[in-house]
Amino acid sequence: MTGIGLGMPSLPADRVTPVLAPRRPTRQLMVGSVGVGSDHPVSVQSMCTTKTADVNATLQQIAELTASGCQIVRVAVPDTDDAEALPAIARKSQIPVIADIHFQPRYVFAAIDAGCAAVRVNPGNIRKFDDQVGEIARRASAAGIPIRIGVNAGSLDKRLLAKYGKATPEALVESALWECSLFEEHDFRDIKISVKHNDPVVMVRAYELLAEQCDYPLHLGVTEAGPAFQGTIKSAVAFGALLSKGIGDTIRVSLSAPPVEEVKVGLQILESLNLRPRGLEIVSCPSCGRAQVDVYKLADQVTAGLEGLDVPLRVAVMGCVVNGPGEAREADLGVASGNGKGQIFVKGEVIRTVPESQIVETLIDEAMKLADALRDAGTPSGAPSVSLV
């Protein structure tokens, strides 16, 4: 197969950023307006925490997620009231809506009829699911709706638990591929797969095995990753291990935190791997005994002052003369601080020296000037930075 897409926008040769590995070639599918597969950028998903039957609250949360950069959103459908709310939510949402179905297969059909962009099913806990695959395949195919086969360690089919003793990588993969084979018998292959586990090591191995055995696009997730700090670390480690090998086509960071935080973490993971065009990037030193200014405070204040900036800009906030001048020169904008003062660099040149009390104000002012210049030059929001260090 030639011409494998890396999931990055086309850019002039001198602006192409490096990635660690080409994307694993996959089948392609559309979740509403969002392409999923190796010819498309890796997308970021989240899931509403609202009661789906509360249409207004759910749409409000979807709007917040959309504003944060979320591209696909999932909603839970545990009850009839939730299923009945799906048509209004699917119609009014700004981004594609996936219905998340457990236990009751009739809600799969309700989601398809409601116009959801996709349906996620968990075969391990849907009663008599295998017997319904043919009808699900027929209805989904007619509606042009893809199915995500989502296998979770905590709800693995009892037959596989008996065979393997626990939710091993092999058990997760066997479950997913078995269900895929049932759909394939009905000539339905508009499928993406997830094999989630709360242990990043088990999860990574499961996806590696799955990537070797099929060409379906893969949805990455560490399930029940934990509170914000722990969940961020576990997800970053697992996603980084897989995405750095080209494995993964859409991601969801599962945190015990507001959904918007999941999206922020997911976007940052992709940006860090050059799988998403970078926007604002703050480069700041960890501080040490050489620091002569409060680097922590400066970095926090600059970050807060530039929040929401929608152009690619690298800003360096450095605390001493060891790496400070070099990093500040490499950035679009930077400060090298020492002895209660800061040298302000713009595009590698010192433009002024200001007292510590004026560093934040000056950096924000210069950042806004650079942002205006980039917009006037027609630089697209989120285009990658030229600087490669």
# chains A, B, ... in the order shown; residues from 1 in each chain; ligands from 1
$ closest_atom_pairs --of "segment 181-288 of chain A" --to "segment 64-88 of chain A" --cutoff "9 Å" --atoms "only C-alpha atoms" --output "JSON lines"
{"residue": "A:Pro259", "atom": "CA", "partner": "A:Leu65", "partner_atom": "CA", "distance": 7.2}
{"residue": "A:Val260", "atom": "CA", "partner": "A:Leu65", "partner_atom": "CA", "distance": 5.6}
{"residue": "A:Glu261", "atom": "CA", "partner": "A:Ser68", "partner_atom": "CA", "distance": 8.8}
{"residue": "A:Val263", "atom": "CA", "partner": "A:Cys70", "partner_atom": "CA", "distance": 5.9}
{"residue": "A:Lys264", "atom": "CA", "partner": "A:Ser68", "partner_atom": "CA", "distance": 7.1}
{"residue": "A:Leu267", "atom": "CA", "partner": "A:Gly69", "partner_atom": "CA", "distance": 7.7}
$ select_by_dssp --residues "segment 182-228 of chain A" --states "strand (DSSP E or B)" --output "list in words"
Ile191, Lys192, Ile193, Ser194, Val195, Lys196, His197, Leu218, His219, Leu220, Val222 and Pro227 of chain A
$ closest_residue --among "A:Leu172, A:Ala328, A:Ala316, A:Ile62" --to "Ala299 of chain A" --atoms "only C-alpha atoms"
A:Ala316
$ residues_around --residues "segment 329-336 of chain A" --least-positions-apart "2" --cutoff "7 Å" --atoms "only C-alpha atoms" --output "VMD selection string"
chain A and resid 313 to 321 324 to 327 338 342 to 349 387
$ closest_residue --among "A:Thr50, A:Ser43, A:Asn122, A:Thr362" --to "Pro105 of chain A" --atoms "only C-alpha atoms"
A:Asn122
$ residues_around --residues "Arg24 of chain A" --least-positions-apart "2" --cutoff "7 Å" --atoms "only C-alpha atoms" --output "mmCIF file with N, CA and C atoms, in the first residue's frame"
data_model
loop_
_atom_site.group_PDB
_atom_site.id
_atom_site.type_symbol
_atom_site.label_atom_id
_atom_site.label_comp_id
_atom_site.auth_asym_id
_atom_site.auth_seq_id
_atom_site.Cartn_x
_atom_site.Cartn_y
_atom_site.Cartn_z
ATOM 1 N N PRO A 22 5.290 6.437 11.021
ATOM 2 C CA PRO A 22 4.099 6.606 10.182
ATOM 3 C C PRO A 22 2.895 5.958 10.841
ATOM 4 N N THR A 26 -4.956 1.767 7.993
ATOM 5 C CA THR A 26 -6.226 1.216 8.457
ATOM 6 C C THR A 26 -7.312 1.427 7.406
ATOM 7 N N SER A 38 -6.277 6.024 9.250
ATOM 8 C CA SER A 38 -4.921 6.522 9.048
ATOM 9 C C SER A 38 -4.797 7.638 8.029
ATOM 10 N N GLY A 246 2.693 4.635 15.708
ATOM 11 C CA GLY A 246 1.706 4.784 14.646
ATOM 12 C C GLY A 246 0.391 4.086 14.918
ATOM 13 N N ILE A 247 0.185 3.600 16.143
ATOM 14 C CA ILE A 247 -1.027 2.860 16.497
ATOM 15 C C ILE A 247 -2.013 3.792 17.197
#
$ select_by_dssp --residues "segment 92-328 of chain A" --states "helix (DSSP H, G or I)" --output "PyMOL selection string"
chain A and resi 92+106-114+123-125+129-143+153-155+158-164+169-184+200-213+228-243+259-272+295-305+324-328
$ atom_distance --atom1 "atom CA of Pro200 of chain A" --atom2 "atom CA of Ala238 of chain A"
5.3 Å
$ atom_distance --atom1 "atom CA of Ile193 of chain A" --atom2 "atom CA of Gly240 of chain A"
18.4 Å
$ atom_distance --atom1 "atom CA of Gly134 of chain A" --atom2 "atom CA of His219 of chain A"
23.2 Å
$ residues_around --residues "Ser93 of chain A" --least-positions-apart "4" --cutoff "8 Å" --atoms "only C-alpha atoms" --output "list in words"
Leu59, Ile62, Ala63, Ile89 and Val97 of chain A
$ write_last_selection --atoms "C-alpha atoms" --output "compact mmCIF listing (two decimals), in the first residue's frame"
# COMPACT_ATOMS: atom_id res chain seq x y z
CA LEU A 59 -26.29 20.11 24.87
CA ILE A 62 -21.46 19.37 24.44
CA ALA A 63 -21.10 23.09 23.62
CA ILE A 89 -29.25 15.81 20.94
CA VAL A 97 -22.65 12.20 18.82
$ residues_around --residues "Phe103 of chain A" --least-positions-apart "3" --cutoff "10 Å" --atoms "only C-alpha atoms" --output "list in words"
Val77, Pro78, Arg106, Tyr107, Val121, Asn122, Pro123, Gly124, Asn125, Ile126, Arg127, Lys128 and Phe129 of chain A
$ residues_around --residues "segment 152-157 of chain A" --least-positions-apart "6" --cutoff "10 Å" --atoms "only C-alpha atoms" --output "ChimeraX atom specification"
/A:122-126,166-169,171-172,175-176,194-199,202-203,221-224
